[in-house]
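Asker: Below is query.txt; it holds compact mmCIF, C-alpha atoms.
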```
# COMPACT_ATOMS: atom_id res chain seq x y z
CA MET A 1 -30.59 -40.74 -35.25
CA PRO A 2 -28.52 -37.55 -34.52
CA PRO A 3 -29.02 -35.79 -31.18
CA PRO A 4 -31.45 -32.89 -31.09
CA LEU A 5 -30.00 -29.56 -32.23
CA VAL A 6 -30.55 -27.95 -28.80
CA GLU A 7 -28.30 -30.50 -27.08
CA TYR A 8 -25.60 -30.02 -29.74
CA ARG A 9 -25.61 -26.25 -29.18
CA ASP A 10 -25.49 -26.70 -25.40
CA MET A 11 -22.51 -29.04 -25.75
CA ARG A 12 -20.76 -26.62 -28.10
CA HIS A 13 -21.38 -23.76 -25.63
CA LEU A 14 -19.97 -25.89 -22.79
CA LEU A 15 -16.83 -26.66 -24.81
CA ILE A 16 -16.33 -22.95 -25.55
CA VAL A 17 -16.66 -22.09 -21.84
CA ILE A 18 -14.22 -24.85 -20.83
CA SER A 19 -11.73 -23.76 -23.52
CA ALA A 20 -11.90 -20.13 -22.40
CA ALA A 21 -11.35 -21.14 -18.77
CA ALA A 22 -8.33 -23.24 -19.76
CA LEU A 23 -6.85 -20.33 -21.70
CA LEU A 24 -7.40 -17.83 -18.86
CA ALA A 25 -6.11 -20.07 -16.04
CA PRO A 26 -2.37 -19.44 -16.73
CA ALA A 27 -2.99 -15.67 -16.76
CA ALA A 28 -4.82 -15.87 -13.44
CA SER A 29 -2.02 -17.98 -11.97
CA ALA A 30 0.63 -15.51 -13.19
CA GLN A 31 -1.39 -12.63 -11.77
CA ALA A 32 -1.61 -14.39 -8.37
CA LYS A 33 2.18 -14.89 -8.38
CA ALA A 34 2.87 -11.26 -9.27
CA ALA A 35 0.49 -9.96 -6.62
CA PHE A 36 2.34 -11.53 -3.66
CA ALA A 37 4.76 -9.19 -1.86
CA CYS A 38 5.14 -7.23 1.36
CA PRO A 39 2.98 -4.12 1.27
CA ALA A 40 5.03 -1.00 0.50
CA THR A 41 3.53 0.72 3.57
CA LEU A 42 1.87 -0.39 6.80
CA THR A 43 -0.52 1.69 8.89
CA VAL A 44 -0.11 1.07 12.61
CA THR A 45 -2.34 2.37 15.39
CA GLU A 46 -0.09 3.45 18.25
CA GLN A 47 -1.59 3.41 21.74
CA PRO A 48 0.44 4.93 24.60
CA GLN A 49 0.70 3.10 27.92
CA ALA A 50 0.74 6.19 30.12
CA SER A 51 1.87 6.23 33.75
CA GLU A 52 -0.68 6.86 36.47
CA GLY A 53 -1.98 10.40 36.29
CA TRP A 54 -1.16 10.72 32.59
CA SER A 55 -3.32 10.05 29.58
CA GLY A 56 -2.70 9.77 25.89
CA ALA A 57 -4.56 9.34 22.64
CA SER A 58 -4.05 6.68 20.03
CA VAL A 59 -2.73 7.78 16.66
CA LYS A 60 -2.37 6.12 13.27
CA ALA A 61 1.08 6.22 11.70
CA GLU A 62 2.14 5.00 8.27
CA HIS A 63 5.46 3.13 8.04
CA VAL A 64 7.46 2.37 4.88
CA LEU A 65 8.85 -1.09 4.08
CA GLN A 66 12.42 -1.51 5.32
CA THR A 67 13.16 -5.15 4.47
CA ALA A 68 11.71 -8.65 4.29
CA LYS A 69 13.01 -12.02 5.42
CA ILE A 70 11.90 -15.45 4.29
CA TYR A 71 11.54 -18.39 6.66
CA ASN A 72 10.76 -22.10 6.70
CA GLY A 73 8.43 -23.25 9.47
CA ASN A 74 5.54 -21.58 11.24
CA PRO A 75 5.45 -17.95 12.42
CA GLY A 76 5.91 -17.61 16.17
CA ARG A 77 6.80 -21.28 16.63
CA GLU A 78 9.51 -23.06 14.68
CA GLU A 79 11.17 -20.57 12.35
CA TYR A 80 14.24 -21.09 10.21
CA ASP A 81 15.57 -17.87 8.64
CA LEU A 82 16.59 -18.65 5.04
CA ARG A 83 19.65 -16.94 3.64
CA PRO A 84 19.17 -15.43 0.19
CA ASP A 85 20.30 -17.65 -2.68
CA ASP A 86 21.86 -14.63 -4.34
CA ASP A 87 22.80 -11.06 -3.46
CA ALA A 88 23.89 -8.55 -6.05
CA LYS A 89 24.92 -4.92 -5.75
CA GLN A 90 23.32 -2.61 -8.29
CA GLY A 91 24.74 0.86 -7.67
CA LYS A 92 23.40 1.95 -4.26
CA ASN A 93 20.96 -0.96 -4.21
CA LEU A 94 21.37 -4.48 -2.90
CA LEU A 95 19.19 -7.13 -4.55
CA LEU A 96 18.49 -10.22 -2.40
CA THR A 97 16.92 -13.22 -4.14
CA TRP A 98 15.43 -16.43 -2.74
CA ILE A 99 14.55 -19.34 -5.04
CA VAL A 100 11.69 -20.49 -2.81
CA LYS A 101 10.69 -23.47 -4.95
CA ASP A 102 13.83 -25.19 -3.55
CA TYR A 103 12.56 -24.92 0.05
CA ARG A 104 9.07 -26.42 -0.20
CA ASP A 105 9.75 -29.32 2.20
CA MET A 106 8.25 -27.11 4.97
CA ASN A 107 5.88 -24.16 5.06
CA LEU A 108 7.39 -20.93 3.71
CA PHE A 109 6.49 -17.49 4.99
CA VAL A 110 7.74 -13.93 4.76
CA ARG A 111 8.08 -11.42 7.59
CA CYS A 112 7.91 -7.77 6.55
CA PHE A 113 9.80 -5.15 8.57
CA TYR A 114 8.97 -1.43 8.49
CA TYR A 115 10.89 1.74 9.40
CA ASP A 116 10.30 3.34 12.83
CA THR A 117 8.20 0.52 14.31
CA LYS A 118 8.77 -2.88 15.87
CA VAL A 119 5.51 -4.11 14.37
CA THR A 120 5.98 -6.77 11.68
CA ILE A 121 3.55 -8.68 9.52
CA THR A 122 3.82 -12.22 8.15
CA ALA A 123 2.16 -14.19 5.37
CA ASN A 124 2.57 -17.70 4.01
CA ILE A 125 4.12 -17.71 0.55
CA PRO A 126 1.68 -19.20 -2.00
CA ALA A 127 2.75 -22.49 -3.59
CA ALA A 128 2.62 -20.88 -7.05
CA VAL A 129 5.49 -18.52 -6.12
CA ASN A 130 8.94 -19.78 -7.18
CA LYS A 131 11.18 -16.79 -6.50
CA CYS A 132 11.16 -13.67 -4.31
CA SER A 133 13.48 -10.67 -4.43
CA VAL A 134 13.97 -7.70 -2.14
CA THR A 135 15.66 -4.54 -3.39
CA LEU A 136 17.23 -2.47 -0.61
CA GLN A 137 18.65 1.04 -0.90
CA MET A 138 21.94 1.05 1.00
CA THR A 139 24.16 3.77 2.48
CA ALA A 140 27.91 3.82 1.84
CA SER A 141 28.40 2.21 5.27
CA GLY A 142 26.11 -0.72 4.39
CA GLN A 143 22.98 0.36 6.31
CA ILE A 144 19.50 0.00 4.83
CA ALA A 145 18.19 3.47 4.04
CA GLY A 146 15.46 4.70 1.74
CA LYS A 147 12.79 2.84 -0.14
CA SER A 148 12.79 -0.96 -0.27
CA GLN A 149 10.72 -3.13 -2.57
CA MET A 150 9.71 -6.80 -2.68
CA THR A 151 8.61 -8.77 -5.74
CA CYS A 152 7.68 -12.43 -6.11
CA GLN A 153 6.99 -14.52 -9.19
```
Before anything else, please render the file you have as C-alpha cells.

Answerer:
Amino acid sequence: MPPPLVEYRDMRHLLIVISAAALLAPAASAQAKAAFACPATLTVTEQPQASEGWSGASVKAEHVLQTAKIYNGNPGREEYDLRPDDDAKQGKNLLLTWIVKDYRDMNLFVRCFYYDTKVTITANIPAAVNKCSVTLQMTASGQIAGKSQMTCQ
C-alpha cells in the first residue's frame, strides 16, 4: 500500500528545502571569506590623563587603516609574526600576500594598525580563509603613506 499523499508531499518539501540549503551553503561560505578583513577605519575614544590641577574631556577620533600583520599563536601571549609569502610592487603600491592555509598548525590572527594612534585591534582568522592580502600605498622613500586595504578569501 503506498504511503498517504500528505506524507509524500511533506517528504518532497523536505527534499526541496535540503537541496536549496546545499546549493546556498557555498555562497554563504564564500561570503564569509570575503567579509573578513581589517576595518578600513577605527573610531577611538581618547581620554587625557591630565596632571593635577588640569582637566580634559574625552574625544572620539577616527583613524584610517595603515597596515596589517598576520601572526601564528595567541594575541598578547605567544605570537609569531609571519612574513608575507609574496610581495609585489604595483606602481606606488606594495601588495603583501599571505597564503594562510599553509600555517594552520597553530591559531592564526591578524593585528590591524591605524594612522595616528597606538591602538590596534586583533581578530582570529576564520578557518575558511585561505589567503589574505594587504595593499599599501608607498612613498618614494619606502614609507607607508595614504590609504591601505586588506582583503581575504

Asker: So that I can check the surroundings of Tyr71 in chain A, please list as a list in words every protein, DNA and RNA residue that reaches within 8 Å of it, counting all atoms listed in the file and ignoring chain neighbours fewer than 5 positions away.

Answerer: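 The residues satisfying every condition are Glu79, Tyr80, Asp81, Leu82, Leu108, Phe109, Val110 and Arg111 of chain A.
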
Asker: Write out as a short mmCIF file (atom, residue, chain, number, x, y, z; two decimals) with C-alpha atoms, keeping the file's coordinate frame the residues lying within 9 Å of range 92-96 of chain A, counting only C-alpha atoms and excluding same-chain residues fewer than 2 positions away.

Answerer:
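What landed in selection23.cif:
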```cif
data_model
loop_
_atom_site.label_atom_id
_atom_site.label_comp_id
_atom_site.auth_asym_id
_atom_site.auth_seq_id
_atom_site.Cartn_x
_atom_site.Cartn_y
_atom_site.Cartn_z
CA PRO A 84 19.17 -15.43 0.19
CA ASP A 85 20.30 -17.65 -2.68
CA ASP A 86 21.86 -14.63 -4.34
CA ASP A 87 22.80 -11.06 -3.46
CA ALA A 88 23.89 -8.55 -6.05
CA LYS A 89 24.92 -4.92 -5.75
CA GLN A 90 23.32 -2.61 -8.29
CA TRP A 98 15.43 -16.43 -2.74
CA CYS A 132 11.16 -13.67 -4.31
CA SER A 133 13.48 -10.67 -4.43
CA VAL A 134 13.97 -7.70 -2.14
CA THR A 135 15.66 -4.54 -3.39
CA LEU A 136 17.23 -2.47 -0.61
CA GLN A 137 18.65 1.04 -0.90
CA MET A 138 21.94 1.05 1.00
CA THR A 139 24.16 3.77 2.48
CA ALA A 140 27.91 3.82 1.84
#
```

Asker: Which residues are near Thr67 in chain A? Cut-off 8 Å, only C-alpha atoms, ignore same chain within fewer than 4 positions. Put them as number ranges by chain.

Answerer: A: 112-114, 134, 136, 148-149

Asker: What does the structure give for the distance between CA of Asn74 in chain A and CA of Ile125 in chain A, in Å to one decimal?

Answerer: 11.5 Å

Asker: Measuring atom to atom with only C-alpha atoms, identify which of A:Ala35, A:Leu65, A:Val44, A:Val129 is nearest to Asp102 in chain A.

Answerer: A:Val129

Asker: Please reconstruct the missing atoms of range 91-126 of chain A (target: N, CA and C atoms) and return them as a PDB file, keeping the file's coordinate frame.

Answerer:
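What ended up in result19.pdb:
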```
ATOM      1  N   GLY A  91      24.557  -0.530  -8.076  1.00  0.00           N
ATOM      2  CA  GLY A  91      24.740   0.860  -7.670  1.00  0.00           C
ATOM      3  C   GLY A  91      24.593   0.966  -6.161  1.00  0.00           C
ATOM      4  N   LYS A  92      23.658   1.797  -5.701  1.00  0.00           N
ATOM      5  CA  LYS A  92      23.400   1.950  -4.260  1.00  0.00           C
ATOM      6  C   LYS A  92      22.438   0.895  -3.731  1.00  0.00           C
ATOM      7  N   ASN A  93      21.938   0.048  -4.610  1.00  0.00           N
ATOM      8  CA  ASN A  93      20.960  -0.960  -4.210  1.00  0.00           C
ATOM      9  C   ASN A  93      21.609  -2.325  -3.999  1.00  0.00           C
ATOM     10  N   LEU A  94      20.996  -3.095  -3.116  1.00  0.00           N
ATOM     11  CA  LEU A  94      21.370  -4.480  -2.900  1.00  0.00           C
ATOM     12  C   LEU A  94      20.142  -5.320  -3.229  1.00  0.00           C
ATOM     13  N   LEU A  95      20.291  -6.263  -4.144  1.00  0.00           N
ATOM     14  CA  LEU A  95      19.190  -7.130  -4.550  1.00  0.00           C
ATOM     15  C   LEU A  95      19.391  -8.508  -3.920  1.00  0.00           C
ATOM     16  N   LEU A  96      18.467  -8.897  -3.047  1.00  0.00           N
ATOM     17  CA  LEU A  96      18.490 -10.220  -2.400  1.00  0.00           C
ATOM     18  C   LEU A  96      17.448 -11.091  -3.084  1.00  0.00           C
ATOM     19  N   THR A  97      17.836 -12.319  -3.430  1.00  0.00           N
ATOM     20  CA  THR A  97      16.920 -13.220  -4.140  1.00  0.00           C
ATOM     21  C   THR A  97      16.880 -14.583  -3.471  1.00  0.00           C
ATOM     22  N   TRP A  98      15.657 -15.087  -3.263  1.00  0.00           N
ATOM     23  CA  TRP A  98      15.430 -16.430  -2.740  1.00  0.00           C
ATOM     24  C   TRP A  98      14.720 -17.233  -3.818  1.00  0.00           C
ATOM     25  N   ILE A  99      15.234 -18.410  -4.135  1.00  0.00           N
ATOM     26  CA  ILE A  99      14.550 -19.340  -5.040  1.00  0.00           C
ATOM     27  C   ILE A  99      13.718 -20.245  -4.132  1.00  0.00           C
ATOM     28  N   VAL A 100      12.500 -19.823  -3.832  1.00  0.00           N
ATOM     29  CA  VAL A 100      11.690 -20.490  -2.810  1.00  0.00           C
ATOM     30  C   VAL A 100      11.192 -21.864  -3.223  1.00  0.00           C
ATOM     31  N   LYS A 101      11.148 -22.144  -4.524  1.00  0.00           N
ATOM     32  CA  LYS A 101      10.690 -23.470  -4.950  1.00  0.00           C
ATOM     33  C   LYS A 101      11.610 -24.569  -4.416  1.00  0.00           C
ATOM     34  N   ASP A 102      12.858 -24.221  -4.075  1.00  0.00           N
ATOM     35  CA  ASP A 102      13.830 -25.190  -3.550  1.00  0.00           C
ATOM     36  C   ASP A 102      13.641 -25.487  -2.065  1.00  0.00           C
ATOM     37  N   TYR A 103      12.720 -24.774  -1.398  1.00  0.00           N
ATOM     38  CA  TYR A 103      12.560 -24.920   0.050  1.00  0.00           C
ATOM     39  C   TYR A 103      11.144 -25.372   0.429  1.00  0.00           C
ATOM     40  N   ARG A 104      10.471 -26.056  -0.430  1.00  0.00           N
ATOM     41  CA  ARG A 104       9.070 -26.420  -0.200  1.00  0.00           C
ATOM     42  C   ARG A 104       8.868 -27.649   0.676  1.00  0.00           C
ATOM     43  N   ASP A 105       9.928 -28.164   1.318  1.00  0.00           N
ATOM     44  CA  ASP A 105       9.750 -29.320   2.200  1.00  0.00           C
ATOM     45  C   ASP A 105       9.025 -28.921   3.488  1.00  0.00           C
ATOM     46  N   MET A 106       8.992 -27.636   3.825  1.00  0.00           N
ATOM     47  CA  MET A 106       8.250 -27.110   4.970  1.00  0.00           C
ATOM     48  C   MET A 106       7.472 -25.891   4.499  1.00  0.00           C
ATOM     49  N   ASN A 107       6.590 -25.396   5.365  1.00  0.00           N
ATOM     50  CA  ASN A 107       5.880 -24.160   5.060  1.00  0.00           C
ATOM     51  C   ASN A 107       6.880 -23.022   4.864  1.00  0.00           C
ATOM     52  N   LEU A 108       6.580 -22.126   3.948  1.00  0.00           N
ATOM     53  CA  LEU A 108       7.390 -20.930   3.710  1.00  0.00           C
ATOM     54  C   LEU A 108       6.561 -19.705   4.047  1.00  0.00           C
ATOM     55  N   PHE A 109       7.179 -18.746   4.740  1.00  0.00           N
ATOM     56  CA  PHE A 109       6.490 -17.490   4.990  1.00  0.00           C
ATOM     57  C   PHE A 109       7.472 -16.342   4.946  1.00  0.00           C
ATOM     58  N   VAL A 110       6.928 -15.144   4.788  1.00  0.00           N
ATOM     59  CA  VAL A 110       7.740 -13.930   4.760  1.00  0.00           C
ATOM     60  C   VAL A 110       7.338 -13.063   5.948  1.00  0.00           C
ATOM     61  N   ARG A 111       8.324 -12.408   6.530  1.00  0.00           N
ATOM     62  CA  ARG A 111       8.080 -11.420   7.590  1.00  0.00           C
ATOM     63  C   ARG A 111       8.539 -10.076   7.034  1.00  0.00           C
ATOM     64  N   CYS A 112       7.646  -9.098   7.091  1.00  0.00           N
ATOM     65  CA  CYS A 112       7.910  -7.770   6.550  1.00  0.00           C
ATOM     66  C   CYS A 112       8.233  -6.819   7.707  1.00  0.00           C
ATOM     67  N   PHE A 113       9.336  -6.094   7.564  1.00  0.00           N
ATOM     68  CA  PHE A 113       9.800  -5.150   8.570  1.00  0.00           C
ATOM     69  C   PHE A 113       9.643  -3.731   8.025  1.00  0.00           C
ATOM     70  N   TYR A 114       9.250  -2.800   8.900  1.00  0.00           N
ATOM     71  CA  TYR A 114       8.970  -1.430   8.490  1.00  0.00           C
ATOM     72  C   TYR A 114       9.791  -0.441   9.329  1.00  0.00           C
ATOM     73  N   TYR A 115      10.134   0.686   8.709  1.00  0.00           N
ATOM     74  CA  TYR A 115      10.890   1.740   9.400  1.00  0.00           C
ATOM     75  C   TYR A 115      10.100   2.281  10.587  1.00  0.00           C
ATOM     76  N   ASP A 116      10.830   2.614  11.660  1.00  0.00           N
ATOM     77  CA  ASP A 116      10.300   3.340  12.830  1.00  0.00           C
ATOM     78  C   ASP A 116       9.179   2.625  13.563  1.00  0.00           C
ATOM     79  N   THR A 117       9.148   1.298  13.507  1.00  0.00           N
ATOM     80  CA  THR A 117       8.200   0.520  14.310  1.00  0.00           C
ATOM     81  C   THR A 117       8.776  -0.876  14.515  1.00  0.00           C
ATOM     82  N   LYS A 118       8.378  -1.491  15.620  1.00  0.00           N
ATOM     83  CA  LYS A 118       8.770  -2.880  15.870  1.00  0.00           C
ATOM     84  C   LYS A 118       7.697  -3.845  15.372  1.00  0.00           C
ATOM     85  N   VAL A 119       6.593  -3.294  14.890  1.00  0.00           N
ATOM     86  CA  VAL A 119       5.510  -4.110  14.370  1.00  0.00           C
ATOM     87  C   VAL A 119       5.952  -4.746  13.051  1.00  0.00           C
ATOM     88  N   THR A 120       5.713  -6.052  12.931  1.00  0.00           N
ATOM     89  CA  THR A 120       5.980  -6.770  11.680  1.00  0.00           C
ATOM     90  C   THR A 120       4.713  -7.488  11.267  1.00  0.00           C
ATOM     91  N   ILE A 121       4.659  -7.862  10.000  1.00  0.00           N
ATOM     92  CA  ILE A 121       3.550  -8.680   9.520  1.00  0.00           C
ATOM     93  C   ILE A 121       4.129  -9.889   8.802  1.00  0.00           C
ATOM     94  N   THR A 122       3.387 -10.992   8.808  1.00  0.00           N
ATOM     95  CA  THR A 122       3.820 -12.220   8.150  1.00  0.00           C
ATOM     96  C   THR A 122       2.713 -12.743   7.244  1.00  0.00           C
ATOM     97  N   ALA A 123       3.122 -13.510   6.251  1.00  0.00           N
ATOM     98  CA  ALA A 123       2.160 -14.190   5.370  1.00  0.00           C
ATOM     99  C   ALA A 123       2.835 -15.437   4.811  1.00  0.00           C
ATOM    100  N   ASN A 124       2.065 -16.503   4.676  1.00  0.00           N
ATOM    101  CA  ASN A 124       2.570 -17.700   4.010  1.00  0.00           C
ATOM    102  C   ASN A 124       2.768 -17.388   2.533  1.00  0.00           C
ATOM    103  N   ILE A 125       3.825 -17.934   1.967  1.00  0.00           N
ATOM    104  CA  ILE A 125       4.120 -17.710   0.550  1.00  0.00           C
ATOM    105  C   ILE A 125       3.333 -18.730  -0.261  1.00  0.00           C
ATOM    106  N   PRO A 126       2.502 -18.270  -1.203  1.00  0.00           N
ATOM    107  CA  PRO A 126       1.680 -19.200  -2.000  1.00  0.00           C
ATOM    108  C   PRO A 126       2.549 -20.217  -2.750  1.00  0.00           C
TER     109      PRO A 126
END
```
